[in-house]
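See below for data.cif, which holds mmCIF, C-alpha atoms.
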```cif
data_input
#
loop_
_atom_site.label_atom_id
_atom_site.label_comp_id
_atom_site.auth_asym_id
_atom_site.auth_seq_id
_atom_site.Cartn_x
_atom_site.Cartn_y
_atom_site.Cartn_z
CA MET A 21 0.00 0.00 0.00
CA SER A 22 1.23 3.42 -0.84
CA ASP A 23 0.88 6.48 1.32
CA PRO A 24 -1.31 9.10 -0.44
CA ARG A 25 0.41 11.94 1.43
CA ALA A 26 3.84 10.80 0.29
CA GLU A 27 2.60 10.60 -3.29
CA ALA A 28 1.14 14.12 -3.02
CA ARG A 29 4.45 15.48 -1.68
CA GLN A 30 6.36 13.78 -4.49
CA ALA A 31 3.96 15.19 -7.09
CA SER A 32 4.25 18.71 -5.65
CA ARG A 33 8.06 18.50 -5.78
CA LEU A 34 7.93 17.57 -9.43
CA THR A 35 5.51 20.34 -10.40
CA ALA A 36 6.76 23.08 -8.05
CA PRO A 37 8.71 25.89 -9.71
CA ALA A 38 12.40 26.06 -9.07
CA PRO A 39 13.40 28.47 -6.29
CA ALA A 40 14.49 31.90 -7.43
CA ARG A 41 18.21 32.40 -7.75
CA VAL A 42 19.82 34.93 -5.51
CA ARG A 43 21.67 37.67 -7.37
CA TYR A 44 24.39 39.76 -5.88
CA ALA A 45 25.46 43.15 -7.15
CA ILE A 46 29.08 43.38 -8.16
CA VAL A 47 29.38 46.73 -6.43
CA PRO A 48 26.94 47.14 -3.56
CA VAL A 49 24.97 50.36 -3.69
CA THR A 50 24.70 51.75 -0.22
CA ARG A 51 21.49 53.52 0.53
CA LEU A 52 20.46 55.12 3.78
CA SER A 53 17.03 54.71 5.30
CA LEU A 54 14.96 57.68 6.39
CA GLN A 55 15.64 56.90 10.05
CA THR A 56 19.40 56.73 9.47
CA VAL A 57 19.42 60.04 7.60
CA ALA A 58 17.29 61.65 10.30
CA ARG A 59 19.61 60.39 13.04
CA ARG A 60 22.78 61.47 11.22
CA SER A 61 21.44 64.89 10.30
CA GLY A 62 19.64 65.59 13.56
CA LEU A 63 16.39 66.45 11.75
CA HIS A 64 12.91 65.05 12.21
CA PRO A 65 11.86 62.50 9.56
CA ASP A 66 8.79 64.60 8.68
CA LEU A 67 11.01 67.56 7.85
CA ILE A 68 13.15 65.35 5.63
CA ARG A 69 9.99 64.10 3.88
CA ARG A 70 9.03 67.76 3.30
CA PHE A 71 12.46 68.43 1.76
CA VAL A 72 11.95 65.46 -0.56
CA ALA A 73 8.49 66.73 -1.53
CA LEU A 74 9.96 70.19 -2.25
CA GLY A 75 12.72 68.67 -4.38
CA LEU A 76 15.55 69.88 -2.16
CA VAL A 77 16.77 66.32 -1.45
CA ASP A 78 16.70 63.41 -3.88
CA ALA A 79 15.31 60.11 -2.62
CA GLU A 80 14.12 56.86 -4.12
CA ARG A 81 11.69 54.24 -2.95
CA ASP A 82 12.82 50.73 -2.13
CA ALA A 83 10.83 47.56 -2.84
CA ALA A 84 8.78 48.08 0.32
CA GLY A 85 7.98 51.70 -0.62
CA HIS A 86 10.22 53.32 2.00
CA LEU A 87 12.39 56.31 1.21
CA VAL A 88 16.08 55.59 0.70
CA PHE A 89 18.81 58.19 0.25
CA ASP A 90 22.32 58.52 -1.11
CA PRO A 91 25.10 58.53 1.50
CA THR A 92 25.61 62.24 0.77
CA ALA A 93 22.10 63.17 1.98
CA PRO A 94 23.09 64.12 5.57
CA ALA A 95 25.70 66.57 4.26
CA LEU A 96 23.14 68.10 1.89
CA LEU A 97 20.64 68.41 4.72
CA ALA A 98 23.27 70.16 6.85
CA ARG A 99 23.91 72.56 3.97
CA ILE A 100 20.17 73.27 3.69
CA GLN A 101 19.97 73.95 7.42
CA ARG A 102 22.99 76.30 7.27
CA LEU A 103 21.35 78.27 4.46
CA ARG A 104 18.03 78.36 6.31
CA THR A 105 19.44 79.57 9.62
CA GLY A 106 22.41 81.61 8.39
CA LEU A 107 20.70 83.53 5.60
CA CYS A 108 17.07 83.26 6.79
CA LEU A 109 15.99 81.87 3.42
CA ASN A 110 12.69 80.15 2.76
CA TYR A 111 12.71 76.67 1.27
CA ALA A 112 11.86 77.83 -2.25
CA SER A 113 14.82 80.18 -2.34
CA ILE A 114 17.08 77.51 -0.83
CA GLY A 115 16.46 75.38 -3.91
CA LEU A 116 17.53 78.26 -6.13
CA VAL A 117 20.63 78.98 -4.02
CA LEU A 118 21.64 75.29 -4.08
CA ASP A 119 21.33 75.24 -7.86
CA LEU A 120 23.43 78.39 -8.17
CA LEU A 121 26.09 77.04 -5.79
CA ASP A 122 26.28 73.81 -7.79
CA ARG A 123 26.67 75.82 -10.99
CA ILE A 124 29.43 77.92 -9.43
CA SER A 125 31.25 74.73 -8.37
CA LEU A 126 31.04 73.39 -11.93
CA LEU A 127 32.38 76.64 -13.37
CA GLU A 128 35.24 76.74 -10.86
CA ALA A 129 36.10 73.12 -11.69
CA ALA A 130 36.17 74.01 -15.39
CA LEU A 131 38.51 76.93 -14.63
CA ARG A 132 40.81 74.64 -12.66
CA ASP A 133 40.86 72.14 -15.52
CA ARG A 134 41.87 74.88 -17.95
CA GLY A 135 44.63 76.04 -15.65
CA THR A 136 42.95 79.33 -14.81
CA ARG A 137 42.34 79.80 -11.16
CA SER A 138 39.86 81.95 -9.34
CA GLU A 139 41.43 84.03 -6.57
CA THR A 140 38.35 83.84 -4.36
CA PRO A 141 37.67 80.75 -2.24
CA PRO A 142 34.71 78.50 -3.09
CA TRP A 143 31.34 79.60 -1.74
CA THR A 144 30.72 76.59 0.46
#
```
For the file at hand, write its structure as structure tokens.
Amino acid sequence: MSDPRAEARQASRLTAPAPARVRYAIVPVTRLSLQTVARRSGLHPDLIRRFVALGLVDAERDAAGHLVFDPTAPALLARIQRLRTGLCLNYASIGLVLDLLDRISLLEAALRDRGTRSETPPWT
């Protein structure tokens, strides 16, 4: 006599799909969670979410739908806070100032590459 449960297990093994293969990235991409960024920057997670909504900080969503950030996000958040407190700028103008500062950095890098140097120190 054969065991019907054993036959059912054998049949399910034969028809079950093969398990998914695990893939590893050659170079791991480090991403920071919202909680990690909040802890490192000293800001509340809701404020960081507001910065993402305003476009001041770039973030992506992981598979679970949570915000993940580049490792440079805490430094960018510190820069935003310095502009906010030091120059009393609103968040809309901070976006404009950040864009201008990035453009200045690109222009100064181009001058350095050409061998021409600006006598003034970089803005930030």
Could you name the residues that touch Arg99 in chain A at 12 Å or less, counting all atoms listed in the file, but leaving out those on the same chain fewer than 2 positions away, as a list in words? Ser61, Leu76, Val77, Thr92, Ala93, Pro94, Ala95, Leu96, Leu97, Gln101, Arg102, Leu103, Arg104, Thr105, Gly106, Leu107, Ile114, Gly115, Val117, Leu118, Leu121, Trp143 and Thr144 of chain A
Neighbourhood query: residues within 10 Å of (11.9, 76.4, 1.5), file coordinates, counting only C-alpha atoms; return as a VMD selection string. chain A and resid 70 to 71 74 to 76 100 104 109 to 116
For CA of Arg59 in chain A and CA of Cys108 in chain A, the interatomic separation in Å (one decimal): 23.8 Å
Quick one: axis-aligned box around all listed atoms of range 74-92 of chain A, 8 Å on every side, centre and edge lengths in Å to one decimal, written as JSON.
```
{"center_x": 16.8, "center_y": 58.9, "center_z": -1.2, "size_x": 33.6, "size_y": 38.6, "size_z": 22.4}
```
Leu52 in chain A environment, 7 Å, only C-alpha atoms, sequence neighbours closer than 5 positions dropped, as a list in words: Val57, Val88, Phe89, Asp90 and Pro91 of chain A
In Å to one decimal, how far is CA of Ser125 in chain A from CA of Glu80 in chain A?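 About the pair CA of Glu80 in chain A and CA of Ser125 in chain A: they are 25.1 Å apart.
Each of A:Leu54, A:Leu63, A:Ile46, A:Leu127 was checked against Ala79 in chain A using only C-alpha atoms; the smallest atom-to-atom distance is that of A:Leu54.
You will find CA of Asp82 in chain A at 12.1 Å from CA of Thr50 in chain A.
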Find, counting all atoms listed in the file, the residue in A:Ala73, A:Asp78, A:Ala98, A:Leu87 that gets nearest to Gln55 in chain A.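 Once distances to Gln55 in chain A are computed over all atoms listed in the file, the minimum belongs to A:Leu87.
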